>>> print(open('entry.pdb').read())   # PDB, C-alpha atoms
ATOM      1  CA  MET J   1     126.887  72.051  92.913
ATOM      2  CA  ARG J   2     124.538  69.284  93.974
ATOM      3  CA  LYS J   3     121.259  70.053  95.731
ATOM      4  CA  VAL J   4     119.776  68.566  98.894
ATOM      5  CA  VAL J   5     116.136  67.790  98.133
ATOM      6  CA  VAL J   6     113.783  66.939 101.012
ATOM      7  CA  TYR J   7     110.726  64.887  99.982
ATOM      8  CA  GLU J   8     108.018  64.516 102.623
ATOM      9  CA  LEU J   9     104.467  63.220 102.863
ATOM     10  CA  LEU J  10     102.381  65.457 105.128
ATOM     11  CA  SER J  11      98.826  65.651 106.381
ATOM     12  CA  LEU J  12      97.052  68.955 105.785
ATOM     13  CA  ASP J  13      97.931  70.014 109.346
ATOM     14  CA  GLY J  14     101.642  69.303 108.798
ATOM     15  CA  VAL J  15     102.072  65.886 110.426
ATOM     16  CA  ALA J  16     104.909  63.913 108.791
ATOM     17  CA  GLU J  17     105.080  60.932 111.143
ATOM     18  CA  GLN J  18     103.507  57.631 110.021
ATOM     19  CA  PRO J  19     102.255  58.863 106.629
ATOM     20  CA  ASP J  20     100.597  55.494 105.922
ATOM     21  CA  ALA J  21      97.834  56.674 108.265
ATOM     22  CA  PHE J  22      96.868  59.623 106.031
ATOM     23  CA  VAL J  23      98.304  58.819 102.586
ATOM     24  CA  THR J  24      95.717  56.198 101.770
ATOM     25  CA  VAL J  25      95.606  56.500  97.965
ATOM     26  CA  VAL J  26      98.466  56.665  95.488
ATOM     27  CA  ASP J  27      97.272  57.633  92.034
ATOM     28  CA  ASP J  28      99.165  57.806  88.729
ATOM     29  CA  VAL J  29      99.935  61.520  89.123
ATOM     30  CA  MET J  30     101.499  60.863  92.532
ATOM     31  CA  ARG J  31     103.570  57.952  91.148
ATOM     32  CA  GLU J  32     104.764  60.130  88.257
ATOM     33  CA  ASN J  33     105.679  62.881  90.731
ATOM     34  CA  LEU J  34     107.728  60.478  92.850
ATOM     35  CA  GLY J  35     109.431  59.170  89.714
ATOM     36  CA  ARG J  36     110.312  62.762  88.759
ATOM     37  CA  VAL J  37     111.741  63.423  92.242
ATOM     38  CA  VAL J  38     113.945  60.319  92.417
ATOM     39  CA  ALA J  39     115.086  60.515  88.776
ATOM     40  CA  THR J  40     117.540  63.311  89.638
ATOM     41  CA  GLN J  41     118.904  61.722  92.846
ATOM     42  CA  ASP J  42     121.933  59.451  93.049
ATOM     43  CA  SER J  43     122.357  59.435  96.821
ATOM     44  CA  VAL J  44     120.118  59.608  99.878
ATOM     45  CA  LEU J  45     120.579  60.705 103.479
ATOM     46  CA  LEU J  46     118.528  58.707 105.984
ATOM     47  CA  GLY J  47     118.023  59.071 109.707
ATOM     48  CA  ARG J  48     118.390  56.016 111.908
ATOM     49  CA  ARG J  49     114.663  55.362 112.477
ATOM     50  CA  THR J  50     113.837  55.567 108.793
ATOM     51  CA  TYR J  51     116.827  53.392 107.905
ATOM     52  CA  ASP J  52     115.868  50.708 110.438
ATOM     53  CA  ASP J  53     112.284  50.559 109.127
ATOM     54  CA  TRP J  54     113.207  50.731 105.458
ATOM     55  CA  ALA J  55     116.142  48.271 105.557
ATOM     56  CA  VAL J  56     113.627  45.578 106.492
ATOM     57  CA  PHE J  57     110.832  46.590 104.083
ATOM     58  CA  TRP J  58     112.298  47.924 100.823
ATOM     59  CA  PRO J  59     114.843  45.208  99.856
ATOM     60  CA  THR J  60     111.990  42.761  99.172
ATOM     61  CA  SER J  61     109.419  45.293  97.932
ATOM     62  CA  ASP J  62     108.241  45.624  94.349
ATOM     63  CA  ILE J  63     106.464  48.966  94.883
ATOM     64  CA  GLU J  64     107.723  51.147  92.076
ATOM     65  CA  PRO J  65     109.137  53.574  91.294
ATOM     66  CA  PHE J  66     110.590  53.758  94.806
ATOM     67  CA  ALA J  67     111.786  50.182  95.420
ATOM     68  CA  GLY J  68     114.156  50.102  92.456
ATOM     69  CA  PHE J  69     115.435  53.559  93.325
ATOM     70  CA  ILE J  70     116.017  53.141  97.076
ATOM     71  CA  ASN J  71     117.545  49.686  96.764
ATOM     72  CA  GLY J  72     120.042  50.798  94.128
ATOM     73  CA  VAL J  73     120.947  54.295  95.290
ATOM     74  CA  GLU J  74     123.918  55.197  97.496
ATOM     75  CA  LYS J  75     122.580  55.551 101.061
ATOM     76  CA  PHE J  76     124.153  57.450 103.939
ATOM     77  CA  VAL J  77     122.606  56.678 107.321
ATOM     78  CA  VAL J  78     123.136  59.254 110.044
ATOM     79  CA  THR J  79     123.532  57.494 113.379
ATOM     80  CA  SER J  80     125.880  57.153 116.319
ATOM     81  CA  THR J  81     125.309  53.386 116.560
ATOM     82  CA  ARG J  82     125.674  50.632 113.992
ATOM     83  CA  PRO J  83     122.382  49.796 112.225
ATOM     84  CA  GLY J  84     120.827  46.433 113.029
ATOM     85  CA  HIS J  85     120.294  45.476 109.382
ATOM     86  CA  ALA J  86     122.627  45.480 106.412
ATOM     87  CA  TRP J  87     121.424  47.092 103.164
ATOM     88  CA  THR J  88     123.340  47.391  99.928
ATOM     89  CA  ASN J  89     125.118  50.648  99.099
ATOM     90  CA  THR J  90     124.941  51.936 102.691
ATOM     91  CA  THR J  91     127.546  53.991 104.532
ATOM     92  CA  VAL J  92     127.181  55.005 108.188
ATOM     93  CA  ILE J  93     127.869  58.671 108.992
ATOM     94  CA  ASP J  94     128.754  59.215 112.637
ATOM     95  CA  GLY J  95     129.353  62.855 113.540
ATOM     96  CA  GLY J  96     130.462  65.786 111.420
ATOM     97  CA  LEU J  97     127.188  65.810 109.511
ATOM     98  CA  THR J  98     127.283  69.456 108.405
ATOM     99  CA  ASP J  99     130.778  69.077 106.956
ATOM    100  CA  PHE J 100     129.869  65.734 105.378
ATOM    101  CA  VAL J 101     126.769  67.159 103.666
ATOM    102  CA  ALA J 102     128.620  70.302 102.557
ATOM    103  CA  ASP J 103     131.362  68.116 101.023
ATOM    104  CA  LEU J 104     128.754  65.854  99.408
ATOM    105  CA  LYS J 105     127.070  68.894  97.853
ATOM    106  CA  ARG J 106     130.403  70.038  96.384
ATOM    107  CA  ALA J 107     131.166  66.614  94.883
ATOM    108  CA  SER J 108     130.018  65.723  91.384
ATOM    109  CA  GLY J 109     126.762  63.863  90.954
ATOM    110  CA  GLY J 110     123.007  64.216  91.055
ATOM    111  CA  ASP J 111     120.711  65.510  93.760
ATOM    112  CA  ILE J 112     120.970  64.257  97.340
ATOM    113  CA  GLY J 113     117.587  63.073  98.595
ATOM    114  CA  VAL J 114     116.174  63.109 102.095
ATOM    115  CA  HIS J 115     113.058  60.932 102.339
ATOM    116  CA  GLY J 116     111.153  60.611 105.601
ATOM    117  CA  SER J 117     113.789  61.105 108.311
ATOM    118  CA  ILE J 118     111.954  63.983 110.036
ATOM    119  CA  ALA J 119     114.621  64.884 112.620
ATOM    120  CA  LEU J 120     117.373  64.763 109.993
ATOM    121  CA  ALA J 121     115.354  66.979 107.620
ATOM    122  CA  GLN J 122     114.715  69.449 110.458
ATOM    123  CA  SER J 123     118.438  69.613 111.275
ATOM    124  CA  LEU J 124     119.403  70.123 107.635
ATOM    125  CA  PHE J 125     116.852  72.964 107.386
ATOM    126  CA  GLU J 126     118.208  74.580 110.526
ATOM    127  CA  TRP J 127     121.786  74.393 109.222
ATOM    128  CA  GLY J 128     120.803  75.915 105.858
ATOM    129  CA  LEU J 129     121.725  72.794 103.886
ATOM    130  CA  VAL J 130     118.364  72.176 102.149
ATOM    131  CA  ASP J 131     117.964  73.539  98.628
ATOM    132  CA  GLU J 132     114.550  72.199  97.625
ATOM    133  CA  LEU J 133     111.484  70.916  99.408
ATOM    134  CA  ARG J 134     109.045  68.609  97.640
ATOM    135  CA  LEU J 135     105.849  67.931  99.535
ATOM    136  CA  VAL J 136     102.878  65.661  99.059
ATOM    137  CA  ILE J 137     100.031  67.134 101.123
ATOM    138  CA  ALA J 138      97.273  64.624 101.880
ATOM    139  CA  PRO J 139      93.641  65.733 102.001
ATOM    140  CA  ALA J 140      93.433  64.676 105.639
ATOM    141  CA  VAL J 141      93.891  66.227 109.070
ATOM    142  CA  HIS J 142      95.866  63.856 111.282
ATOM    143  CA  THR J 143      96.177  65.993 114.490
ATOM    144  CA  HIS J 144      98.890  63.918 116.200
ATOM    145  CA  GLY J 145     102.459  62.983 115.421
ATOM    146  CA  ARG J 146     105.675  64.820 114.691
ATOM    147  CA  LYS J 147     105.439  67.705 112.264
ATOM    148  CA  LEU J 148     108.104  68.608 109.761
ATOM    149  CA  PHE J 149     108.097  72.254 110.791
ATOM    150  CA  ASP J 150     108.040  71.900 114.588
ATOM    151  CA  GLY J 151     110.455  74.515 115.907
ATOM    152  CA  GLY J 152     113.365  75.531 113.738
ATOM    153  CA  LEU J 153     113.960  78.747 111.884
ATOM    154  CA  ALA J 154     111.325  80.800 110.083
ATOM    155  CA  ARG J 155     112.089  80.879 106.379
ATOM    156  CA  ARG J 156     110.466  82.177 103.212
ATOM    157  CA  LEU J 157     110.085  79.537 100.469
ATOM    158  CA  THR J 158     109.555  80.021  96.741
ATOM    159  CA  LEU J 159     106.844  77.902  95.111
ATOM    160  CA  THR J 160     108.303  76.391  91.924
ATOM    161  CA  ARG J 161     105.674  73.772  91.035
ATOM    162  CA  GLN J 162     102.127  72.924  92.062
ATOM    163  CA  VAL J 163      99.940  70.047  90.934
ATOM    164  CA  ALA J 164      96.723  68.632  92.351
ATOM    165  CA  SER J 165      96.318  64.897  91.889
ATOM    166  CA  PRO J 166      92.944  63.394  90.939
ATOM    167  CA  SER J 167      92.710  61.971  94.475
ATOM    168  CA  GLY J 168      92.996  65.445  96.035
ATOM    169  CA  TYR J 169      96.651  65.410  97.053
ATOM    170  CA  LEU J 170      98.687  68.583  96.556
ATOM    171  CA  LEU J 171     102.143  68.060  95.055
ATOM    172  CA  LEU J 172     104.203  71.138  95.880
ATOM    173  CA  ASP J 173     107.827  71.975  95.122
ATOM    174  CA  TYR J 174     109.600  74.862  96.862
ATOM    175  CA  GLY J 175     112.994  76.461  96.521
ATOM    176  CA  VAL J 176     114.562  77.121  99.903
ATOM    177  CA  GLY J 177     116.398  80.426 100.152
ATOM    178  CA  ASN J 178     119.325  80.150 102.536
TER     179      ASN J 178
END
>>> encode(input="entry.pdb", output="C-alpha cells")
Amino acid sequence: MRKVVVYELLSLDGVAEQPDAFVTVVDDVMRENLGRVVATQDSVLLGRRTYDDWAVFWPTSDIEPFAGFINGVEKFVVTSTRPGHAWTNTTVIDGGLTDFVADLKRASGGDIGVHGSIALAQSLFEWGLVDELRLVIAPAVHTHGRKLFDGGLARRLTLTRQVASPSGYLLLDYGVGN
C-alpha cells in the first residue's frame, strides 16, 4: 500500500504559512533531505492556494531538486473551482477526497506527497490518511501565520529520523499512527 507523506517547512513555533519568511538558508544537507523525500513520490496532492502559487512559479524554475520533481510528477489539485493556470500532469479533484485518497493509496505506485497545502494536510491528518510526516524546522520564531497543527486531533507520533543541518535546521521524520 502506498503512503501519504506530508512534507512541511515550519518555524520553531509551528508556523507553516509563507515559509520564505523564516527558511532563509538552504544548505546541502537540506537539499539532500528534500531529494530523499521526493525520490519515493510519484504523485502529489495540492490544495488550491498552493497550486495557484506554484503553477506560476515552478514551471519556469531551475531550483533543484524540487523543480524537476514537481514539474514532472502527477499532480492532483483539490478544489471546487477550476484552477486559473494549466500545469502539466494535473488532475482536478472536486469532492469525495477521502475516498479518492484511500483509492490512491490502494493503487500501485510510490508515495503520495503533500507539500505546503496547510488546510489539505490538516484535513488528511484529521481523516487518518497521513502515514508519514517530514518536517524542516527553521531556527526562527515567526509568531504569526497559520500553523500546521492548529486544531485537529491529538495524536502520538513516532520519530523515525532526525538530522540537524549545518545551518541549524532540524530535519525530522515521523511515523503517524492512525
>>> resolve_selection(input="entry.pdb", expression="the PyMOL selection byres ((chain J and resi 163-167) around 12)", output="list in words")
Val23, Thr24, Val25, Val26, Asp27, Asp28, Val29, Met30, Arg31, Glu32, Asn33, Arg134, Leu135, Val136, Ile137, Ala138, Pro139, Ala140, Leu159, Thr160, Arg161, Gln162, Gly168, Tyr169, Leu170, Leu171, Leu172 and Asp173 of chain J
>>> closest_atom_pairs(input="entry.pdb", of="range 97-171 of chain J", to="range 55-75 of chain J", cutoff="10 Å", atoms="all atoms listed in the file", output="Markdown table")
| residue | atom | partner | partner_atom | distance |
| --- | --- | --- | --- | --- |
| J:Ile112 | CA | J:Glu74 | CA | 9.5 |
| J:Gly113 | CA | J:Lys75 | CA | 9.4 |
| J:Val114 | CA | J:Lys75 | CA | 10.0 |
| J:His115 | CA | J:Ile70 | CA | 9.9 |
>>> axis_aligned_box(input="entry.pdb", around="range 103-109 of chain J", padding_each_side="3 Å", output="JSON")
{"center_x": 129.1, "center_y": 67.0, "center_z": 96.0, "size_x": 10.6, "size_y": 12.2, "size_z": 16.1}
>>> closest_residue(input="entry.pdb", among="J:Gly35, J:Trp54, J:Gly177, J:Glu8", to="Gly84 in chain J", atoms="only C-alpha atoms")
J:Trp54
>>> resolve_selection(input="entry.pdb", expression="the PyMOL selection byres ((chain J and resi 147) around 10)", output="NGL selection string")
:J and (10-11 or 13-17 or 118-119 or 122 or 143-146 or 148-151)
>>> resolve_selection(input="entry.pdb", expression="the PyMOL selection byres ((chain J and resi 42) around 6)", output="list in words")
Gln41, Ser43, Val73 and Gly110 of chain J
>>> residues_near_point(input="entry.pdb", point="(122.9, 58.5, 104.9)", cutoff="8 Å", atoms="only C-alpha atoms", output="mmCIF file with C-alpha atoms, keeping the file's coordinate frame")
data_model
loop_
_atom_site.group_PDB
_atom_site.id
_atom_site.type_symbol
_atom_site.label_atom_id
_atom_site.label_comp_id
_atom_site.auth_asym_id
_atom_site.auth_seq_id
_atom_site.Cartn_x
_atom_site.Cartn_y
_atom_site.Cartn_z
ATOM 1 C CA VAL J 44 120.118 59.608 99.878
ATOM 2 C CA LEU J 45 120.579 60.705 103.479
ATOM 3 C CA LEU J 46 118.528 58.707 105.984
ATOM 4 C CA GLY J 47 118.023 59.071 109.707
ATOM 5 C CA LYS J 75 122.580 55.551 101.061
ATOM 6 C CA PHE J 76 124.153 57.450 103.939
ATOM 7 C CA VAL J 77 122.606 56.678 107.321
ATOM 8 C CA VAL J 78 123.136 59.254 110.044
ATOM 9 C CA THR J 90 124.941 51.936 102.691
ATOM 10 C CA THR J 91 127.546 53.991 104.532
ATOM 11 C CA VAL J 92 127.181 55.005 108.188
ATOM 12 C CA ILE J 93 127.869 58.671 108.992
#
>>> residues_around(input="entry.pdb", residues="Val101 in chain J", least_positions_apart="4", cutoff="8 Å", atoms="all atoms listed in the file", output="count of residues only")
3
>>> atom_distance(input="entry.pdb", atom1="CA of Leu157 in chain J", atom2="CA of Arg49 in chain J")
27.4 Å
>>> atom_distance(input="entry.pdb", atom1="CA of Gly175 in chain J", atom2="CA of Ala107 in chain J")
20.7 Å
>>> atom_distance(input="entry.pdb", atom1="CA of Asp103 in chain J", atom2="CA of Lys3 in chain J")
11.6 Å
>>> closest_residue(input="entry.pdb", among="J:Val176, J:Ala154, J:Val141, J:Leu9", to="Leu34 in chain J", atoms="only C-alpha atoms")
J:Leu9
>>> closest_residue(input="entry.pdb", among="J:Arg36, J:Asp53, J:Pro83, J:Val6", to="Ser123 in chain J", atoms="all atoms listed in the file")
J:Val6
>>> build_atoms(input="entry.pdb", residues="range 16-41 of chain J", atoms="N, CA, C and O atoms", output="PDB file, keeping the file's coordinate frame")
ATOM      1  N   ALA J  16     104.068  64.699 109.697  1.00  0.00           N
ATOM      2  CA  ALA J  16     104.909  63.913 108.791  1.00  0.00           C
ATOM      3  C   ALA J  16     105.080  62.475 109.277  1.00  0.00           C
ATOM      4  O   ALA J  16     105.421  61.594 108.501  1.00  0.00           O
ATOM      5  N   GLU J  17     104.859  62.244 110.548  1.00  0.00           N
ATOM      6  CA  GLU J  17     105.080  60.932 111.143  1.00  0.00           C
ATOM      7  C   GLU J  17     103.999  59.944 110.718  1.00  0.00           C
ATOM      8  O   GLU J  17     102.817  60.290 110.654  1.00  0.00           O
ATOM      9  N   GLN J  18     104.393  58.722 110.409  1.00  0.00           N
ATOM     10  CA  GLN J  18     103.507  57.631 110.021  1.00  0.00           C
ATOM     11  C   GLN J  18     102.554  58.045 108.890  1.00  0.00           C
ATOM     12  O   GLN J  18     101.328  57.991 109.038  1.00  0.00           O
ATOM     13  N   PRO J  19     103.102  58.398 107.729  1.00  0.00           N
ATOM     14  CA  PRO J  19     102.255  58.863 106.629  1.00  0.00           C
ATOM     15  C   PRO J  19     101.290  57.804 106.091  1.00  0.00           C
ATOM     16  O   PRO J  19     100.302  58.161 105.451  1.00  0.00           O
ATOM     17  N   ASP J  20     101.540  56.527 106.374  1.00  0.00           N
ATOM     18  CA  ASP J  20     100.597  55.494 105.922  1.00  0.00           C
ATOM     19  C   ASP J  20      99.210  55.703 106.514  1.00  0.00           C
ATOM     20  O   ASP J  20      98.222  55.229 105.960  1.00  0.00           O
ATOM     21  N   ALA J  21      99.124  56.423 107.625  1.00  0.00           N
ATOM     22  CA  ALA J  21      97.834  56.674 108.265  1.00  0.00           C
ATOM     23  C   ALA J  21      96.998  57.697 107.506  1.00  0.00           C
ATOM     24  O   ALA J  21      95.777  57.699 107.602  1.00  0.00           O
ATOM     25  N   PHE J  22      97.637  58.592 106.731  1.00  0.00           N
ATOM     26  CA  PHE J  22      96.868  59.623 106.031  1.00  0.00           C
ATOM     27  C   PHE J  22      97.105  59.650 104.523  1.00  0.00           C
ATOM     28  O   PHE J  22      96.336  60.258 103.796  1.00  0.00           O
ATOM     29  N   VAL J  23      98.144  58.993 104.032  1.00  0.00           N
ATOM     30  CA  VAL J  23      98.304  58.819 102.586  1.00  0.00           C
ATOM     31  C   VAL J  23      97.723  57.444 102.269  1.00  0.00           C
ATOM     32  O   VAL J  23      98.394  56.426 102.373  1.00  0.00           O
ATOM     33  N   THR J  24      96.446  57.452 101.933  1.00  0.00           N
ATOM     34  CA  THR J  24      95.717  56.198 101.770  1.00  0.00           C
ATOM     35  C   THR J  24      95.476  55.824 100.314  1.00  0.00           C
ATOM     36  O   THR J  24      95.015  54.725 100.034  1.00  0.00           O
ATOM     37  N   VAL J  25      95.767  56.736  99.399  1.00  0.00           N
ATOM     38  CA  VAL J  25      95.606  56.500  97.965  1.00  0.00           C
ATOM     39  C   VAL J  25      96.876  56.981  97.289  1.00  0.00           C
ATOM     40  O   VAL J  25      97.409  58.030  97.635  1.00  0.00           O
ATOM     41  N   VAL J  26      97.358  56.211  96.326  1.00  0.00           N
ATOM     42  CA  VAL J  26      98.466  56.665  95.488  1.00  0.00           C
ATOM     43  C   VAL J  26      97.996  56.525  94.045  1.00  0.00           C
ATOM     44  O   VAL J  26      97.815  55.413  93.554  1.00  0.00           O
ATOM     45  N   ASP J  27      97.762  57.660  93.408  1.00  0.00           N
ATOM     46  CA  ASP J  27      97.272  57.633  92.034  1.00  0.00           C
ATOM     47  C   ASP J  27      98.426  57.795  91.050  1.00  0.00           C
ATOM     48  O   ASP J  27      99.588  57.966  91.446  1.00  0.00           O
ATOM     49  N   ASP J  28      98.127  57.731  89.758  1.00  0.00           N
ATOM     50  CA  ASP J  28      99.165  57.806  88.729  1.00  0.00           C
ATOM     51  C   ASP J  28      99.940  59.117  88.769  1.00  0.00           C
ATOM     52  O   ASP J  28     101.155  59.138  88.543  1.00  0.00           O
ATOM     53  N   VAL J  29      99.265  60.223  89.060  1.00  0.00           N
ATOM     54  CA  VAL J  29      99.935  61.520  89.123  1.00  0.00           C
ATOM     55  C   VAL J  29     100.940  61.535  90.277  1.00  0.00           C
ATOM     56  O   VAL J  29     102.050  62.064  90.137  1.00  0.00           O
ATOM     57  N   MET J  30     100.584  60.929  91.395  1.00  0.00           N
ATOM     58  CA  MET J  30     101.499  60.863  92.532  1.00  0.00           C
ATOM     59  C   MET J  30     102.704  59.978  92.215  1.00  0.00           C
ATOM     60  O   MET J  30     103.837  60.305  92.573  1.00  0.00           O
ATOM     61  N   ARG J  31     102.472  58.837  91.543  1.00  0.00           N
ATOM     62  CA  ARG J  31     103.570  57.952  91.148  1.00  0.00           C
ATOM     63  C   ARG J  31     104.510  58.660  90.172  1.00  0.00           C
ATOM     64  O   ARG J  31     105.731  58.556  90.288  1.00  0.00           O
ATOM     65  N   GLU J  32     103.941  59.383  89.209  1.00  0.00           N
ATOM     66  CA  GLU J  32     104.764  60.130  88.257  1.00  0.00           C
ATOM     67  C   GLU J  32     105.577  61.206  88.972  1.00  0.00           C
ATOM     68  O   GLU J  32     106.744  61.432  88.648  1.00  0.00           O
ATOM     69  N   ASN J  33     104.972  61.863  89.951  1.00  0.00           N
ATOM     70  CA  ASN J  33     105.679  62.881  90.731  1.00  0.00           C
ATOM     71  C   ASN J  33     106.859  62.271  91.477  1.00  0.00           C
ATOM     72  O   ASN J  33     107.970  62.807  91.448  1.00  0.00           O
ATOM     73  N   LEU J  34     106.644  61.141  92.131  1.00  0.00           N
ATOM     74  CA  LEU J  34     107.728  60.478  92.850  1.00  0.00           C
ATOM     75  C   LEU J  34     108.829  60.060  91.876  1.00  0.00           C
ATOM     76  O   LEU J  34     110.015  60.236  92.157  1.00  0.00           O
ATOM     77  N   GLY J  35     108.447  59.544  90.723  1.00  0.00           N
ATOM     78  CA  GLY J  35     109.431  59.170  89.714  1.00  0.00           C
ATOM     79  C   GLY J  35     110.266  60.366  89.279  1.00  0.00           C
ATOM     80  O   GLY J  35     111.484  60.271  89.090  1.00  0.00           O
ATOM     81  N   ARG J  36     109.624  61.527  89.135  1.00  0.00           N
ATOM     82  CA  ARG J  36     110.312  62.762  88.759  1.00  0.00           C
ATOM     83  C   ARG J  36     111.295  63.169  89.859  1.00  0.00           C
ATOM     84  O   ARG J  36     112.420  63.595  89.586  1.00  0.00           O
ATOM     85  N   VAL J  37     110.888  63.044  91.110  1.00  0.00           N
ATOM     86  CA  VAL J  37     111.741  63.423  92.242  1.00  0.00           C
ATOM     87  C   VAL J  37     112.982  62.537  92.297  1.00  0.00           C
ATOM     88  O   VAL J  37     114.110  63.026  92.395  1.00  0.00           O
ATOM     89  N   VAL J  38     112.804  61.224  92.242  1.00  0.00           N
ATOM     90  CA  VAL J  38     113.945  60.319  92.417  1.00  0.00           C
ATOM     91  C   VAL J  38     114.821  60.224  91.170  1.00  0.00           C
ATOM     92  O   VAL J  38     115.982  59.827  91.271  1.00  0.00           O
ATOM     93  N   ALA J  39     114.309  60.618  90.020  1.00  0.00           N
ATOM     94  CA  ALA J  39     115.086  60.515  88.776  1.00  0.00           C
ATOM     95  C   ALA J  39     116.355  61.360  88.809  1.00  0.00           C
ATOM     96  O   ALA J  39     117.330  61.037  88.126  1.00  0.00           O
ATOM     97  N   THR J  40     116.372  62.423  89.590  1.00  0.00           N
ATOM     98  CA  THR J  40     117.540  63.311  89.638  1.00  0.00           C
ATOM     99  C   THR J  40     118.480  62.985  90.800  1.00  0.00           C
ATOM    100  O   THR J  40     119.524  63.615  90.936  1.00  0.00           O
ATOM    101  N   GLN J  41     118.125  62.018  91.639  1.00  0.00           N
ATOM    102  CA  GLN J  41     118.904  61.722  92.846  1.00  0.00           C
ATOM    103  C   GLN J  41     119.798  60.499  92.645  1.00  0.00           C
ATOM    104  O   GLN J  41     119.349  59.490  92.111  1.00  0.00           O
TER     105      GLN J  41
END
